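> There's a structure below that I have some questions on.
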Amino acid sequence: MASLVSHPDEVRVISKRFGQGATDIDRYLQLDGYKAVQKALAMQPDALINEVKNSGLRGRGGAGFSTGMKWSFVPKQSAKPKYVLCNGDESEPGTCKDRLIFEHDPHSVIEGVMIAALAVGSHTGYIYIRGEYRYLSVIMQKAIKDAYAKGFLGKNIFGSGYDLDIYWHGGAGAYEVGEESALMESLEGKRGIPRIRPPFPAVVGLWGGPTVINNAETLAAVPHIILGGADWYAKLGTPKNGGTRLFCLAGNLNKPGVYELPMGYNLRKMIYEVGGGISHGRGLKAVVPGGSSTPVLLPEEIDIPMDFDSVAKAGSMLGSGGVVVLDDTTCIVKFALRTMKFYRHESCGWCIPCREGTDWLEKTLTRFHAGAGSKKDIDNIYYLAENMLGKTFCPLGDAAAMPTMAFVKKFREEFEDHLEGKPCPFEKAGAAEPVIA
Amino acid sequence: MRFSDEFESRFAEMLTHYPTKRSVLVPTLLYAQDEVGSLNDEVIAELASRLDLTELEVRNVISYYSMLTTKPRGKYNVQVCTNIACMLRGGEELLDHCKKKLGIGHKGTTEDGLFSLEEVECIGACSWAPAVQVNYDFHENLTNVKMDEILDECKKKGTQ
């Protein structure tokens with residue numbers, strides 16, 4: 001059970017039921033639960049889609065695509081069944097927010113899936129939860145069962161004449177499965193290999209049927225939007241970036257934790273006020289603003305509003321909401337190496353630029369960090385990463401390339417400090433890792 | 001081959017959730033592994049036959065997912081995260097400590113079969129780093145001392 005934190009600047013929408021016992025369906029009902037879906041049942045599908053469009057809700061998994069827009073791509077008529085798939089395969093390093101939603105408010109995800117299903121005319125939804133989150137699967141399975149027992153799911157929900165089934169599904173350890181097309185492959189009982197697009201899942205998805213895939217946090221926001229209204233939700237954030245977001249503050253902070261803050265909250269304030277500043281009285285070296293795949297920001301670059309557009313303007317991405325803070329004792333080469341080790345491990349191997357690129361990069365960075373690097377390696381690391389970018393079936397290749405390019409560009413001097421047999425300046429003498437030939 | 005009643009009722013129910021049988025495969029493999037200890041030849045043959053798949057198709061899926069294994073692990077699988085958020089707060093030092101304390105390396109198992117050790121990728125505990133999962137249980141904000149207590153507790157329970 002992950003511990004909860006709070007800060008006066010928080011605006012609690014998604015997290016308002018955290019710690020309130022809302023896993024219990026009766027408690028959830030007391031806390032306005034399942035009111036939104038009943039309101040949605042009385043609305044036309046187009047009105048639902050427009051409401052979500054106007055709310056400015058954008059995908060909380062990382063891509064930041066307009067949720068209402070995504071829903072609108074699903075064809076009205078379809079010979080094959082339509083599906084809603086909740087992506088709870090949370091595994092972007094730095095991110096631990098969906099875990100709290102499933103732990104404290106599982107019914108909000110179910111209700112979000114229900115509203116999405118009504119909006120696109122689907123009668124079947126799946127909630128995919130990563131295999132490591134077994135205790136959350138137990139919570140979710142019970143929540144679904146309780147919803148069926150109340151008649152909220154199944155045939156003729158709330159006496160509306162609409163049939164809707166929602167099922168739980170579990171993973172077994174794979175970052176790549178968080179990518180939407182690999183997620184569908186996994187749910188179909190296969191290796192999580194991405195599918196080539198087009199066609200996009202909204203047209204050809206699960207078992208060939210049109211499929212809406214949204215992150216758990218995105219879906220958990222939907223009932224609040226339907227109840228509170230698009231205008232209310234949009235005004236919580238910044239233009240085109242509606243609402244609030246769960247920010248996972250991690251790394252060298254005094255008060256790490258998951259905080260719900262309005263979209264557009266200043267990053268410097270997030271680190272120094274909400275997160276309590278850098279631990280051990282050290283200085284700030286860099287910030288990874290939205291999960292391990294997002295380009296690093298320097299201390300002079302952090303006076304920015306944390307919304308999708310502002311962070312993009314600053315040359316990075318808001319991503320999945322995982323804010324990882326590095327203090328001034330961190331070796332960037334080592335950090336880049338650990339990041340790459342992860343992507344090499346998780347690359348599914350389907351396409352060559354990612355499979356070979358992550359492997360070469362990990363080997364080069366390992367050798368480099370051990371002091372056996374040469375000057376041309378620095379350019380080579382950048383060149384390899386650059387040649388993965390945009391050249392892979394799915395964004396895992398980009399996710400490995402983007403941060404690597406930023407590390408080289410922004411910390412070139414630190415790479416140079418490791419050259420020609422010099423031990424890592426951040427490690428104690430003699431502690432360097434063995435050289436890999 | 002026999003699984004528990006709980007396994008069988010879950011399996012039967014899950015089959016009704018999808019238009020194709022093989023869709024139950026990934027979660028079912030994990031539940032089978034939890035009961036048997038590993039996905040041995042017998043389990044693979046059984047699930048392949050139940051789902052109208054070849055054994056090769058099942059093995060193909062097993063080899064993709066990092067939690068699935070064809071070799072038995074220790075009773076307590078100690079999974080230490082060393083990914084970025086944990087690394088910044090001592091995850092690597094914690095892994096070294098576990099290696100020394102248990103006398104095994106990455107993916108090793110102690111001779112008495114009680115412990116396995118694994119260096120794992122992000123387990124979704126970044127704001128409570130460094131973190132470890134022992135089987136499915138999360139342990140967070142760890143220190144070497146807290147880790148020792150957890151391992152000692154496992155040892156006590158496992159040898160009772």
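Ordered as shown in the structure tokens, chains take letters A, B, and onward, while each chain numbers its residues from 1 and ligands are numbered from 1 in the order shown.
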Using only C-alpha atoms, determine which residues of chain A fall within 8 Å of chain B; present them as a PyMOL selection string.

chain A and resi 1-3+90-96+99+131-135+167+169-174+186-192+207+248-252+256-258+292+324+326+330+335+338-339+342+348

> Report as a ChimeraX atom specification all protein, DNA and RNA residues lying within 9 Å of Glu118 (chain B), evaluated on only C-alpha atoms, omitting residues in the same chain fewer than 5 positions from it.

/B:77-81,95,105-108

> From the list B:Gly74, B:Gly37, B:Gly158, B:Glu92, which residue is nearest Thr110 (chain B) when using only C-alpha atoms?

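Looking only at the distances to Thr110 (chain B), the closest residue turns out to be B:Gly74.
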
> Within 8 Å of Gly61 (chain A), counting only C-alpha atoms, which residues qualify if same-chain residues fewer than 5 places away don't, as a PyMOL selection string?

chain A and resi 214-218+319-320

> Find the residues near region 410-415 of chain A: any atom within 8 Å, counting only C-alpha atoms, skip ones fewer than 5 places away on the same chain, and give them as a list in words.

Leu298, Ile332, Val333 and Ile378 of chain A

> For N, CA and C atoms, I'd like the residues from the last selection saved as a PDB file, in the first residue's frame.


ATOM      1  N   LEU A 298      17.300  21.352 -17.840  1.00  0.00           N
ATOM      2  CA  LEU A 298      18.327  21.920 -16.958  1.00  0.00           C
ATOM      3  C   LEU A 298      17.662  22.843 -15.936  1.00  0.00           C
ATOM      4  N   ILE A 332      25.456  11.960 -15.002  1.00  0.00           N
ATOM      5  CA  ILE A 332      24.519  11.921 -16.132  1.00  0.00           C
ATOM      6  C   ILE A 332      24.799  10.730 -17.044  1.00  0.00           C
ATOM      7  N   VAL A 333      26.081  10.378 -17.204  1.00  0.00           N
ATOM      8  CA  VAL A 333      26.411   9.243 -18.075  1.00  0.00           C
ATOM      9  C   VAL A 333      25.814   7.966 -17.485  1.00  0.00           C
ATOM     10  N   ILE A 378      31.075   9.980 -28.309  1.00  0.00           N
ATOM     11  CA  ILE A 378      30.046  10.946 -27.897  1.00  0.00           C
ATOM     12  C   ILE A 378      29.152  11.277 -29.086  1.00  0.00           C
TER      13      ILE A 378
END

> If we count only C-alpha atoms, what is near region 399-408 of chain A at a cut-off of 7 Å, once residues fewer than 3 positions away on the same chain are taken out, given as a list in words?

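In the requested form, the answer reads Ser293, Thr294, Pro295, Val296, Ala336, Met340, Tyr343, Tyr382, Ala385, Glu386, Met388, Leu389, Pro395, Leu396, Phe411 and Arg412 of chain A.
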
> Restricted to N, CA and C atoms, what would the selected residues look like written as a PDB file, in the first residue's frame?


ATOM      1  N   SER A 293      11.214   8.606 -20.772  1.00  0.00           N
ATOM      2  CA  SER A 293      11.384   8.818 -22.214  1.00  0.00           C
ATOM      3  C   SER A 293      11.415  10.293 -22.598  1.00  0.00           C
ATOM      4  N   THR A 294      11.220  11.182 -21.633  1.00  0.00           N
ATOM      5  CA  THR A 294      11.148  12.607 -21.970  1.00  0.00           C
ATOM      6  C   THR A 294      12.506  13.283 -21.783  1.00  0.00           C
ATOM      7  N   PRO A 295      12.879  14.164 -22.726  1.00  0.00           N
ATOM      8  CA  PRO A 295      14.188  14.822 -22.654  1.00  0.00           C
ATOM      9  C   PRO A 295      14.372  15.622 -21.365  1.00  0.00           C
ATOM     10  N   VAL A 296      15.573  15.535 -20.827  1.00  0.00           N
ATOM     11  CA  VAL A 296      15.916  16.143 -19.550  1.00  0.00           C
ATOM     12  C   VAL A 296      15.905  17.673 -19.658  1.00  0.00           C
ATOM     13  N   ALA A 336      22.080   8.090 -17.990  1.00  0.00           N
ATOM     14  CA  ALA A 336      21.756   7.777 -19.389  1.00  0.00           C
ATOM     15  C   ALA A 336      21.892   6.278 -19.636  1.00  0.00           C
ATOM     16  N   MET A 340      19.030   3.627 -20.755  1.00  0.00           N
ATOM     17  CA  MET A 340      19.165   2.813 -21.964  1.00  0.00           C
ATOM     18  C   MET A 340      19.092   1.320 -21.657  1.00  0.00           C
ATOM     19  N   TYR A 343      15.515   0.426 -21.762  1.00  0.00           N
ATOM     20  CA  TYR A 343      14.907   0.326 -23.095  1.00  0.00           C
ATOM     21  C   TYR A 343      15.436  -0.880 -23.867  1.00  0.00           C
ATOM     22  N   TYR A 382      25.023  10.047 -30.022  1.00  0.00           N
ATOM     23  CA  TYR A 382      23.991  10.954 -30.546  1.00  0.00           C
ATOM     24  C   TYR A 382      23.493  10.462 -31.906  1.00  0.00           C
ATOM     25  N   ALA A 385      21.245   7.366 -31.656  1.00  0.00           N
ATOM     26  CA  ALA A 385      19.924   7.734 -31.141  1.00  0.00           C
ATOM     27  C   ALA A 385      19.126   8.448 -32.225  1.00  0.00           C
ATOM     28  N   GLU A 386      19.781   9.366 -32.904  1.00  0.00           N
ATOM     29  CA  GLU A 386      19.119  10.151 -33.947  1.00  0.00           C
ATOM     30  C   GLU A 386      18.573   9.232 -35.052  1.00  0.00           C
ATOM     31  N   MET A 388      17.462   6.244 -34.660  1.00  0.00           N
ATOM     32  CA  MET A 388      16.316   5.441 -34.217  1.00  0.00           C
ATOM     33  C   MET A 388      15.040   6.278 -34.298  1.00  0.00           C
ATOM     34  N   LEU A 389      15.226   7.570 -34.081  1.00  0.00           N
ATOM     35  CA  LEU A 389      14.081   8.482 -33.946  1.00  0.00           C
ATOM     36  C   LEU A 389      13.172   8.447 -35.182  1.00  0.00           C
ATOM     37  N   PRO A 395       6.451   3.798 -30.618  1.00  0.00           N
ATOM     38  CA  PRO A 395       7.259   4.873 -30.027  1.00  0.00           C
ATOM     39  C   PRO A 395       8.350   4.421 -29.049  1.00  0.00           C
ATOM     40  N   LEU A 396       8.552   3.107 -28.848  1.00  0.00           N
ATOM     41  CA  LEU A 396       9.604   2.708 -27.900  1.00  0.00           C
ATOM     42  C   LEU A 396      10.971   3.172 -28.401  1.00  0.00           C
ATOM     43  N   PHE A 411      24.721  17.814 -21.745  1.00  0.00           N
ATOM     44  CA  PHE A 411      25.777  17.469 -20.775  1.00  0.00           C
ATOM     45  C   PHE A 411      27.037  16.967 -21.478  1.00  0.00           C
ATOM     46  N   ARG A 412      27.338  17.535 -22.631  1.00  0.00           N
ATOM     47  CA  ARG A 412      28.490  17.079 -23.410  1.00  0.00           C
ATOM     48  C   ARG A 412      29.775  17.122 -22.576  1.00  0.00           C
TER      49      ARG A 412
END
